[in-house]
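Pasting run_35.cif here (mmCIF, C-alpha atoms):
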```
data_input
#
loop_
_atom_site.label_atom_id
_atom_site.label_comp_id
_atom_site.auth_asym_id
_atom_site.auth_seq_id
_atom_site.Cartn_x
_atom_site.Cartn_y
_atom_site.Cartn_z
CA MET A 13 45.67 156.67 -78.08
CA LYS A 14 48.62 159.03 -77.77
CA GLU A 15 51.31 158.58 -75.14
CA THR A 16 50.73 160.63 -72.01
CA ASN A 17 51.08 160.43 -68.22
CA HIS A 18 50.49 157.21 -66.31
CA MET A 19 49.03 157.49 -62.80
CA ASN A 20 46.76 155.90 -60.24
CA SER A 21 43.44 157.26 -59.00
CA ASN A 22 45.03 159.05 -56.04
CA GLU A 23 47.02 161.19 -58.45
CA ILE A 24 43.98 162.44 -60.39
CA HIS A 25 42.73 165.77 -59.04
CA ILE A 26 39.16 166.18 -60.26
CA ARG A 27 35.67 166.81 -58.96
CA ASP A 28 32.36 165.40 -60.22
CA PRO A 29 33.73 162.18 -61.78
CA PHE A 30 31.78 160.40 -64.53
CA VAL A 31 32.74 157.02 -65.99
CA LEU A 32 31.80 155.88 -69.49
CA VAL A 33 32.30 152.13 -69.92
CA HIS A 34 32.98 151.41 -73.58
CA ASP A 35 34.76 148.79 -75.69
CA GLY A 36 37.06 147.47 -72.96
CA VAL A 37 38.03 150.93 -71.66
CA TYR A 38 36.89 153.08 -68.73
CA TYR A 39 36.70 156.75 -69.73
CA LEU A 40 36.84 159.09 -66.71
CA TYR A 41 35.62 162.68 -67.12
CA GLY A 42 35.48 165.35 -64.45
CA THR A 43 35.80 168.96 -63.39
CA ARG A 44 39.35 170.33 -63.28
CA ALA A 45 39.65 170.85 -59.54
CA ASP A 46 42.72 173.10 -59.58
CA ASN A 47 40.78 176.14 -60.80
CA VAL A 48 37.19 175.07 -60.22
CA TRP A 49 36.15 178.47 -58.82
CA GLY A 50 38.13 180.58 -61.31
CA VAL A 51 38.57 181.04 -65.05
CA MET A 52 38.15 177.76 -66.94
CA ASP A 53 38.32 176.73 -70.60
CA GLY A 54 37.96 172.98 -71.12
CA PHE A 55 37.36 169.36 -70.14
CA ASP A 56 39.68 166.37 -69.82
CA CYS A 57 39.38 162.60 -69.90
CA TYR A 58 41.46 159.77 -68.39
CA THR A 59 41.43 156.16 -69.60
CA SER A 60 41.93 152.85 -67.83
CA ARG A 61 41.29 149.13 -68.26
CA ASP A 62 41.14 148.29 -64.54
CA LEU A 63 40.06 151.45 -62.61
CA ASN A 64 43.49 151.51 -60.94
CA GLU A 65 46.07 152.56 -63.50
CA TRP A 66 45.13 155.52 -65.69
CA GLU A 67 46.46 157.46 -68.67
CA GLY A 68 45.80 161.15 -69.21
CA PRO A 69 44.73 163.79 -69.08
CA PHE A 70 43.48 164.02 -72.67
CA GLU A 71 41.81 167.35 -73.38
CA VAL A 72 38.51 166.48 -75.08
CA PHE A 73 37.03 170.00 -75.32
CA HIS A 74 38.62 173.44 -75.42
CA LYS A 75 36.67 176.69 -75.39
CA PRO A 76 36.22 177.84 -79.00
CA ALA A 77 36.52 181.46 -80.00
CA GLY A 78 33.22 183.22 -79.59
CA LEU A 79 31.76 180.97 -76.90
CA ASP A 80 30.48 183.18 -74.09
CA ALA A 81 31.53 180.89 -71.23
CA ASP A 82 34.72 181.44 -69.28
CA ARG A 83 34.05 179.79 -65.89
CA ALA A 84 32.22 176.93 -64.15
CA TYR A 85 33.25 174.24 -66.65
CA TRP A 86 31.76 171.64 -64.38
CA ALA A 87 30.38 168.11 -64.23
CA PRO A 88 30.91 166.68 -67.75
CA GLU A 89 28.91 163.49 -68.35
CA CYS A 90 29.55 161.45 -71.52
CA TYR A 91 26.86 159.34 -73.22
CA GLU A 92 26.94 157.19 -76.35
CA HIS A 93 23.78 157.73 -78.39
CA ASP A 94 23.08 156.63 -81.99
CA GLY A 95 26.76 156.20 -82.76
CA MET A 96 27.77 159.62 -81.43
CA TYR A 97 29.14 160.77 -78.05
CA TYR A 98 27.48 163.56 -76.13
CA LEU A 99 29.01 165.55 -73.30
CA ILE A 100 26.41 167.10 -70.99
CA ALA A 101 28.17 169.81 -69.02
CA THR A 102 27.75 172.97 -66.97
CA LEU A 103 29.23 176.18 -68.38
CA GLY A 104 29.27 179.62 -66.74
CA ARG A 105 29.08 183.06 -68.32
CA PRO A 106 31.14 186.11 -67.29
CA ASP A 107 28.16 187.43 -65.32
CA GLY A 108 28.27 184.25 -63.21
CA ARG A 109 25.06 182.72 -64.55
CA LYS A 110 25.42 179.00 -65.29
CA GLY A 111 23.63 176.63 -67.63
CA VAL A 112 23.63 173.02 -68.81
CA HIS A 113 24.95 172.59 -72.36
CA VAL A 114 25.46 169.74 -74.83
CA LEU A 115 28.65 168.99 -76.80
CA ARG A 116 29.09 166.29 -79.46
CA ALA A 117 31.89 164.13 -80.91
CA THR A 118 32.47 160.97 -82.96
CA ASP A 119 34.87 159.54 -80.35
CA PRO A 120 34.79 159.47 -76.52
CA LEU A 121 38.15 161.27 -76.54
CA GLY A 122 36.75 164.02 -78.73
CA PRO A 123 37.34 166.57 -79.89
CA PHE A 124 33.86 167.64 -78.79
CA GLU A 125 32.13 170.48 -80.60
CA TYR A 126 29.69 172.86 -78.99
CA VAL A 127 26.03 172.20 -79.89
CA ALA A 128 23.56 174.11 -77.69
CA GLN A 129 22.40 175.21 -74.25
CA LEU A 130 19.66 172.95 -72.89
CA THR A 131 18.49 174.97 -69.88
CA ASP A 132 16.80 178.36 -69.83
CA PRO A 133 19.48 181.08 -70.32
CA GLY A 134 17.53 183.25 -67.89
CA GLN A 135 18.00 180.71 -65.10
CA SER A 136 21.09 179.51 -63.25
CA CYS A 137 21.23 175.71 -63.64
CA ILE A 138 23.96 173.12 -63.06
CA ASP A 139 24.77 169.40 -63.06
CA GLY A 140 22.73 167.92 -65.89
CA THR A 141 22.34 164.15 -66.21
CA ILE A 142 20.42 162.15 -68.83
CA TYR A 143 17.96 159.38 -68.08
CA ALA A 144 15.97 157.31 -70.61
CA ASP A 145 12.59 156.36 -69.16
CA GLN A 146 10.64 153.15 -69.72
CA ASP A 147 9.05 154.60 -72.85
CA GLY A 148 12.46 155.44 -74.32
CA LYS A 149 12.07 159.19 -73.77
CA ASN A 150 15.26 160.99 -72.75
CA TRP A 151 15.08 163.42 -69.85
CA LEU A 152 17.58 166.00 -68.66
CA VAL A 153 17.57 166.09 -64.85
CA TYR A 154 19.42 169.04 -63.32
CA SER A 155 19.69 171.43 -60.39
CA HIS A 156 17.97 174.80 -60.59
CA SER A 157 20.56 176.56 -58.49
CA LEU A 158 20.06 178.25 -55.14
CA GLU A 159 20.89 181.66 -56.65
CA ASP A 160 17.42 181.48 -58.23
CA VAL A 161 15.65 179.10 -55.86
CA PRO A 162 16.86 179.14 -52.23
CA GLU A 163 15.00 175.87 -51.55
CA GLY A 164 17.29 174.09 -54.06
CA ASP A 165 15.04 172.72 -56.80
CA MET A 166 15.79 169.52 -58.72
CA ASP A 167 14.19 169.87 -62.14
CA ALA A 168 13.70 167.79 -65.29
CA VAL A 169 12.86 168.52 -68.92
CA PRO A 170 12.24 166.13 -71.86
CA LEU A 171 14.80 166.09 -74.67
CA SER A 172 14.64 165.61 -78.43
CA ASP A 173 15.82 162.32 -79.93
CA ASP A 174 19.17 163.87 -80.92
CA LEU A 175 19.69 165.31 -77.39
CA ALA A 176 20.22 168.75 -78.94
CA SER A 177 17.10 170.52 -77.66
CA THR A 178 14.24 170.31 -75.19
CA THR A 179 10.71 169.27 -76.19
CA GLY A 180 8.64 170.55 -73.28
CA ASP A 181 8.57 172.69 -70.17
CA PRO A 182 10.69 171.92 -67.10
CA VAL A 183 9.04 170.31 -64.08
CA THR A 184 10.25 170.46 -60.48
CA LEU A 185 10.84 166.99 -59.04
CA PHE A 186 11.60 168.03 -55.45
CA LYS A 187 13.41 170.60 -53.36
CA ALA A 188 16.61 170.01 -51.39
CA SER A 189 14.77 171.43 -48.38
CA ASP A 190 12.37 168.44 -48.58
CA ALA A 191 15.09 166.04 -47.40
CA PRO A 192 15.32 165.62 -43.60
CA TRP A 193 19.11 165.23 -43.83
CA SER A 194 19.69 168.40 -45.91
CA ALA A 195 20.56 171.67 -44.17
CA PRO A 196 20.98 175.32 -45.20
CA VAL A 197 24.47 176.13 -46.40
CA PRO A 198 26.46 178.26 -43.95
CA PHE A 199 27.93 180.38 -46.76
CA ALA A 200 24.70 181.60 -48.43
CA LYS A 201 25.26 185.25 -47.53
CA PRO A 202 29.00 185.67 -48.22
CA GLU A 203 29.10 183.60 -51.43
CA PHE A 204 25.67 184.19 -52.96
CA GLY A 205 24.35 187.29 -51.20
CA ILE A 206 21.29 185.35 -50.02
CA ASP A 207 19.59 186.44 -46.81
CA GLY A 208 17.90 183.64 -44.93
CA PRO A 209 18.21 179.87 -45.30
CA ALA A 210 19.37 178.52 -48.67
CA TYR A 211 19.73 174.88 -49.73
CA PHE A 212 21.40 173.42 -52.79
CA SER A 213 20.77 170.33 -54.88
CA ASP A 214 23.42 168.93 -57.20
CA GLY A 215 24.94 165.82 -58.75
CA PRO A 216 21.75 163.84 -59.59
CA PHE A 217 21.96 160.32 -61.01
CA LEU A 218 19.01 157.99 -61.62
CA HIS A 219 18.85 154.19 -61.34
CA ARG A 220 16.02 151.71 -61.91
CA LEU A 221 15.48 149.47 -58.86
CA SER A 222 14.64 145.78 -59.21
CA ASP A 223 11.01 146.38 -58.17
CA GLY A 224 10.49 148.99 -60.92
CA ARG A 225 10.77 152.06 -58.72
CA LEU A 226 13.22 154.76 -59.69
CA ALA A 227 16.02 155.83 -57.32
CA MET A 228 18.05 159.02 -57.44
CA LEU A 229 21.32 159.65 -55.66
CA TRP A 230 21.95 163.38 -55.28
CA SER A 231 24.08 165.72 -53.18
CA SER A 232 23.54 168.64 -50.82
CA TRP A 233 24.84 170.13 -47.57
CA SER A 234 24.13 167.79 -44.67
CA ALA A 235 22.72 168.60 -41.25
CA SER A 236 25.80 166.97 -39.71
CA GLY A 237 27.96 169.43 -41.66
CA GLY A 238 29.57 169.12 -45.06
CA TYR A 239 28.91 167.72 -48.49
CA ALA A 240 26.86 164.53 -48.54
CA VAL A 241 24.85 162.18 -50.77
CA GLY A 242 21.19 161.38 -50.21
CA GLN A 243 18.68 159.05 -51.83
CA ALA A 244 15.21 159.75 -53.18
CA VAL A 245 12.79 157.23 -54.71
CA SER A 246 9.98 157.70 -57.21
CA GLU A 247 7.34 155.20 -56.14
CA SER A 248 5.60 155.46 -59.52
CA GLY A 249 8.83 154.62 -61.35
CA LYS A 250 8.46 157.81 -63.38
CA VAL A 251 10.98 160.63 -63.63
CA THR A 252 8.22 163.06 -62.67
CA GLY A 253 7.68 161.24 -59.37
CA PRO A 254 6.32 161.80 -56.79
CA TRP A 255 9.68 161.53 -55.03
CA THR A 256 10.19 160.39 -51.43
CA GLN A 257 13.32 161.42 -49.55
CA TYR A 258 15.14 159.05 -47.20
CA ALA A 259 15.81 160.49 -43.76
CA GLU A 260 19.56 159.85 -43.56
CA PRO A 261 22.29 160.49 -46.13
CA VAL A 262 23.79 157.55 -48.00
CA LEU A 263 27.28 158.85 -47.25
CA THR A 264 29.06 161.99 -46.06
CA HIS A 265 32.37 163.79 -46.68
CA GLY A 266 32.08 163.50 -50.45
CA GLY A 267 29.57 163.79 -53.23
CA HIS A 268 28.46 164.44 -56.79
CA GLY A 269 28.55 160.87 -58.06
CA MET A 270 27.18 158.47 -60.64
CA LEU A 271 26.60 154.72 -60.99
CA PHE A 272 28.26 152.45 -63.53
CA THR A 273 28.67 148.71 -64.06
CA GLY A 274 32.23 147.58 -64.60
CA PHE A 275 33.60 144.87 -66.86
CA ASP A 276 33.52 142.55 -63.85
CA GLY A 277 29.74 142.98 -63.59
CA ARG A 278 29.92 144.94 -60.33
CA THR A 279 28.04 148.21 -59.87
CA ARG A 280 30.03 151.11 -58.43
CA TYR A 281 29.37 154.66 -57.35
CA ALA A 282 31.95 157.13 -58.67
CA LEU A 283 32.26 160.30 -56.59
CA HIS A 284 34.89 162.77 -55.46
CA ALA A 285 36.08 162.50 -51.88
CA PRO A 286 36.88 164.28 -49.72
CA ASN A 287 35.30 167.59 -50.67
CA ASP A 288 38.16 169.66 -49.22
CA PRO A 289 39.81 172.02 -51.74
CA GLY A 290 43.00 170.51 -53.12
CA GLN A 291 42.19 167.05 -51.76
CA GLU A 292 39.43 165.91 -54.15
CA ARG A 293 40.07 162.52 -55.77
CA PRO A 294 37.85 160.08 -57.67
CA ALA A 295 36.64 157.11 -55.63
CA PHE A 296 34.79 154.03 -56.88
CA LEU A 297 32.64 152.50 -54.14
CA PRO A 298 30.73 149.21 -54.43
CA VAL A 299 26.94 149.50 -54.57
CA GLU A 300 24.27 146.93 -53.76
CA GLU A 301 20.49 146.99 -53.61
CA SER A 302 19.15 145.89 -50.23
CA ASP A 303 15.49 145.99 -49.07
CA GLY A 304 14.58 148.25 -51.95
CA VAL A 305 17.26 150.90 -51.47
CA LEU A 306 20.78 151.46 -52.76
CA VAL A 307 23.58 150.85 -50.26
CA VAL A 308 26.90 152.50 -51.08
CA GLY A 309 30.27 151.37 -49.75
#
```

Would you mind writing the file out in structure tokens?
Amino acid sequence: MKETNHMNSNEIHIRDPFVLVHDGVYYLYGTRADNVWGVMDGFDCYTSRDLNEWEGPFEVFHKPAGLDADRAYWAPECYEHDGMYYLIATLGRPDGRKGVHVLRATDPLGPFEYVAQLTDPGQSCIDGTIYADQDGKNWLVYSHSLEDVPEGDMDAVPLSDDLASTTGDPVTLFKASDAPWSAPVPFAKPEFGIDGPAYFSDGPFLHRLSDGRLAMLWSSWSASGGYAVGQAVSESGKVTGPWTQYAEPVLTHGGHGMLFTGFDGRTRYALHAPNDPGQERPAFLPVEESDGVLVVG
């Protein structure tokens, strides 16, 4: 590992944090927050052995010549699979349309090479996450963005064994508008040109509960105002649901998180908080299961 900057979590300015726990090291990936809404060209990683002191950033992917994506390099999630490392990430085209793509490397610090787009190029989709179901089938769960679907769909599609392609048609799991705590975004007209109410879904992450049901933590705009995290549960235990939304958000003033188990055996929820531009930092909150639901913080 090459010498680079040393810092604590409060000095890391990223959105959409994702932690890979591997071989005694925490690998932290995320969206470069400094130019999140502008031109973008790559992804970084930070490393730590204690979640407090970090080294980085290490650039793990840089836009290759010929790749038609120059914005919205968002939400990289890194998975080890069959001895390789896969980065599932959002990339945006010059026309503003976004999609979920897969990158691949032999090391968690890359360099990652571009493989393929996993979502329909004719749709605008963001925030892909991978979940292996009880039969060992891998699913890509992602947000079908409000530009296409003002209700804010959360969709899923089965993946091939090598994670490089889809093997079926997408299914809609639920809509952001289904959640009692979710509210229309106040910036639908000025930012997206949408007349009428528009909801968004983003940042999904799935977790098997002790009773076999399947929980999902996901983010949207909250009725109390601002970015928030809610919880949905699939009573059948299947990715395809049906999904039930809890009435109140799990937490507010931050979002787009994921769950990981640390070397100390404790489960944590990694998210960025607050959501205010320039202030986003990774946070690692303790998580417990209580009365069949996940309790964060």

Q: Can you give me, as a ChimeraX atom specification, the residues this file yields under the PyMOL selection byres ((chain A and resi 199) around 12)?
A: /A:158,195-198,200-212,233,238

Q. Mind telling me what the PyMOL selection byres ((chain A and resi 256) around 9) catches here, as a list in words?
A.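 When the PyMOL selection byres ((chain A and resi 256) around 9) is applied to the shown file, the picked residues are Phe186, Asp190, Ala191, Gln243, Ala244, Val245, Ser246, Glu247, Gly253, Pro254, Trp255, Gln257 and Tyr258 of chain A.
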
Q.
Just the number, please: distance in Å from CA of Gly224 (chain A) to CA of Gly249 (chain A), one decimal.
A.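 A separation of 5.9 Å between them.
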
**Q.** Nearest-residue call for Asp160 (chain A), choices A:Cys137, A:Asp46, A:Phe296, A:Gln146, using only C-alpha atoms
**A.** A:Cys137

Pick out the residues sitting within 6 Å of region 101-114 of chain A, and hand them over as a PDB file with C-alpha atoms, in the coordinates of the input; count all atoms listed in the file, and ignore anything fewer than 3 positions along from it in its own chain.
```
ATOM      1  CA  ASP A  80      30.480 183.180 -74.090  1.00  0.00           C
ATOM      2  CA  ALA A  81      31.530 180.890 -71.230  1.00  0.00           C
ATOM      3  CA  ASP A  82      34.720 181.440 -69.280  1.00  0.00           C
ATOM      4  CA  ARG A  83      34.050 179.790 -65.890  1.00  0.00           C
ATOM      5  CA  ALA A  84      32.220 176.930 -64.150  1.00  0.00           C
ATOM      6  CA  TYR A  85      33.250 174.240 -66.650  1.00  0.00           C
ATOM      7  CA  TRP A  86      31.760 171.640 -64.380  1.00  0.00           C
ATOM      8  CA  ALA A  87      30.380 168.110 -64.230  1.00  0.00           C
ATOM      9  CA  PRO A  88      30.910 166.680 -67.750  1.00  0.00           C
ATOM     10  CA  VAL A 127      26.030 172.200 -79.890  1.00  0.00           C
ATOM     11  CA  ALA A 128      23.560 174.110 -77.690  1.00  0.00           C
ATOM     12  CA  GLN A 129      22.400 175.210 -74.250  1.00  0.00           C
ATOM     13  CA  LEU A 130      19.660 172.950 -72.890  1.00  0.00           C
ATOM     14  CA  THR A 131      18.490 174.970 -69.880  1.00  0.00           C
ATOM     15  CA  SER A 136      21.090 179.510 -63.250  1.00  0.00           C
ATOM     16  CA  CYS A 137      21.230 175.710 -63.640  1.00  0.00           C
ATOM     17  CA  ILE A 138      23.960 173.120 -63.060  1.00  0.00           C
ATOM     18  CA  GLY A 140      22.730 167.920 -65.890  1.00  0.00           C
TER      19      GLY A 140
END
```

(Q) With 7 Å as the threshold, what does the neighbourhood of (21.7, 161.9, -70.0) contain in terms of residues, counting all atoms listed in the file? Coordinates are those of the file; answer as a list of chain:residue names. (A)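 Protein and nucleic acid residues near the point are A:Tyr91, A:Thr141, A:Ile142, A:Tyr143, A:Trp151, A:Leu152.
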
Q.
Counting all atoms listed in the file, which residue out of A:Pro289, A:Leu171, A:Tyr154, A:Pro123 sits closest to Met228 (chain A)?
A.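 So, comparing all the options, the nearest one is A:Tyr154.
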
Q.
Taking only C-alpha atoms into account, name the residue in A:Leu175, A:Cys90, A:Leu63, A:Val308 that is nearest to Gly42 (chain A).
A. A:Cys90

For this structure, which residues satisfy the selection - the PyMOL selection byres ((chain A and resi 263-266) around 7) - when it is evaluated on the file as given? I want them as a PDB file with C-alpha atoms, in the frame of the given file.
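File produced: part-v1.pdb:
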```
ATOM      1  CA  GLY A 238      29.570 169.120 -45.060  1.00  0.00           C
ATOM      2  CA  TYR A 239      28.910 167.720 -48.490  1.00  0.00           C
ATOM      3  CA  ALA A 240      26.860 164.530 -48.540  1.00  0.00           C
ATOM      4  CA  VAL A 241      24.850 162.180 -50.770  1.00  0.00           C
ATOM      5  CA  PRO A 261      22.290 160.490 -46.130  1.00  0.00           C
ATOM      6  CA  VAL A 262      23.790 157.550 -48.000  1.00  0.00           C
ATOM      7  CA  GLY A 267      29.570 163.790 -53.230  1.00  0.00           C
ATOM      8  CA  LEU A 283      32.260 160.300 -56.590  1.00  0.00           C
ATOM      9  CA  HIS A 284      34.890 162.770 -55.460  1.00  0.00           C
ATOM     10  CA  ALA A 285      36.080 162.500 -51.880  1.00  0.00           C
ATOM     11  CA  PRO A 286      36.880 164.280 -49.720  1.00  0.00           C
ATOM     12  CA  ASN A 287      35.300 167.590 -50.670  1.00  0.00           C
TER      13      ASN A 287
END
```

Would you give me, as JSON lines, each residue of region 205-293 of chain A having an atom within 12 Å of an atom of region 15-34 of chain A, along with its shortest atom pair and that distance in Å to one decimal, using all atoms listed in the file and sorting by chain and residue number?
```
{"residue": "A:Asp214", "atom": "CA", "partner": "A:Asp28", "partner_atom": "CA", "distance": 10.1}
{"residue": "A:Gly215", "atom": "CA", "partner": "A:Asp28", "partner_atom": "CA", "distance": 7.6}
{"residue": "A:Pro216", "atom": "CA", "partner": "A:Asp28", "partner_atom": "CA", "distance": 10.7}
{"residue": "A:Phe217", "atom": "CA", "partner": "A:Phe30", "partner_atom": "CA", "distance": 10.4}
{"residue": "A:Trp230", "atom": "CA", "partner": "A:Asp28", "partner_atom": "CA", "distance": 11.7}
{"residue": "A:Ser231", "atom": "CA", "partner": "A:Asp28", "partner_atom": "CA", "distance": 10.9}
{"residue": "A:Gly266", "atom": "CA", "partner": "A:Arg27", "partner_atom": "CA", "distance": 9.8}
{"residue": "A:Gly267", "atom": "CA", "partner": "A:Asp28", "partner_atom": "CA", "distance": 7.7}
{"residue": "A:His268", "atom": "CA", "partner": "A:Asp28", "partner_atom": "CA", "distance": 5.3}
{"residue": "A:Gly269", "atom": "CA", "partner": "A:Asp28", "partner_atom": "CA", "distance": 6.3}
{"residue": "A:Met270", "atom": "CA", "partner": "A:Phe30", "partner_atom": "CA", "distance": 6.3}
{"residue": "A:Leu271", "atom": "CA", "partner": "A:Val31", "partner_atom": "CA", "distance": 8.2}
{"residue": "A:Phe272", "atom": "CA", "partner": "A:Val31", "partner_atom": "CA", "distance": 6.9}
{"residue": "A:Thr273", "atom": "CA", "partner": "A:Val33", "partner_atom": "CA", "distance": 7.7}
{"residue": "A:Gly274", "atom": "CA", "partner": "A:Val33", "partner_atom": "CA", "distance": 7.0}
{"residue": "A:Phe275", "atom": "CA", "partner": "A:Val33", "partner_atom": "CA", "distance": 8.0}
{"residue": "A:Asp276", "atom": "CA", "partner": "A:Val33", "partner_atom": "CA", "distance": 11.4}
{"residue": "A:Gly277", "atom": "CA", "partner": "A:Val33", "partner_atom": "CA", "distance": 11.4}
{"residue": "A:Thr279", "atom": "CA", "partner": "A:Val33", "partner_atom": "CA", "distance": 11.6}
{"residue": "A:Arg280", "atom": "CA", "partner": "A:Val31", "partner_atom": "CA", "distance": 10.0}
{"residue": "A:Tyr281", "atom": "CA", "partner": "A:Phe30", "partner_atom": "CA", "distance": 9.5}
{"residue": "A:Ala282", "atom": "CA", "partner": "A:Pro29", "partner_atom": "CA", "distance": 6.2}
{"residue": "A:Leu283", "atom": "CA", "partner": "A:Pro29", "partner_atom": "CA", "distance": 5.7}
{"residue": "A:His284", "atom": "CA", "partner": "A:Arg27", "partner_atom": "CA", "distance": 5.4}
{"residue": "A:Ala285", "atom": "CA", "partner": "A:Arg27", "partner_atom": "CA", "distance": 8.3}
{"residue": "A:Pro286", "atom": "CA", "partner": "A:Arg27", "partner_atom": "CA", "distance": 9.7}
{"residue": "A:Asn287", "atom": "CA", "partner": "A:Arg27", "partner_atom": "CA", "distance": 8.3}
{"residue": "A:Asp288", "atom": "CA", "partner": "A:Arg27", "partner_atom": "CA", "distance": 10.4}
{"residue": "A:Pro289", "atom": "CA", "partner": "A:Arg27", "partner_atom": "CA", "distance": 9.8}
{"residue": "A:Gly290", "atom": "CA", "partner": "A:His25", "partner_atom": "CA", "distance": 7.6}
{"residue": "A:Gln291", "atom": "CA", "partner": "A:His25", "partner_atom": "CA", "distance": 7.4}
{"residue": "A:Glu292", "atom": "CA", "partner": "A:His25", "partner_atom": "CA", "distance": 5.9}
{"residue": "A:Arg293", "atom": "CA", "partner": "A:His25", "partner_atom": "CA", "distance": 5.3}
```

Q.
What's the separation between CA of Ser177 (chain A) and CA of Thr43 (chain A), in Å to one decimal place?
A.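 Separation of CA of Ser177 (chain A) and CA of Thr43 (chain A): 23.6 Å.
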
(Q) Please compute the CA of Val251 (chain A)-CA of Met166 (chain A) distance, one decimal, in Å. (A)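 Between CA of Val251 (chain A) and CA of Met166 (chain A) the gap works out to 11.2 Å.
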
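Using all atoms listed in the file for every distance, the candidate list A:Thr184, A:Arg278, A:Gly54, A:Asp62 yields A:Asp62 as the residue closest to Gly36 (chain A).
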
Q | Residue among A:Leu115, A:Leu306, A:Leu221, A:Ala259 lying closest to Ser234 (chain A), counting only C-alpha atoms | A | A:Ala259

Q: Quick one: everything within 12 Å of Ser222 (chain A), counting only C-alpha atoms, minus sequence neighbours fewer than 6 positions away in the same chain. Send it as a ChimeraX atom specification.
A: /A:249,300-306

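You can rank A:Gln135, A:Asn150, A:Ser60, A:Thr178 by their closest distance to His93 (chain A) using all atoms listed in the file, and at the top of that list sits A:Asn150.
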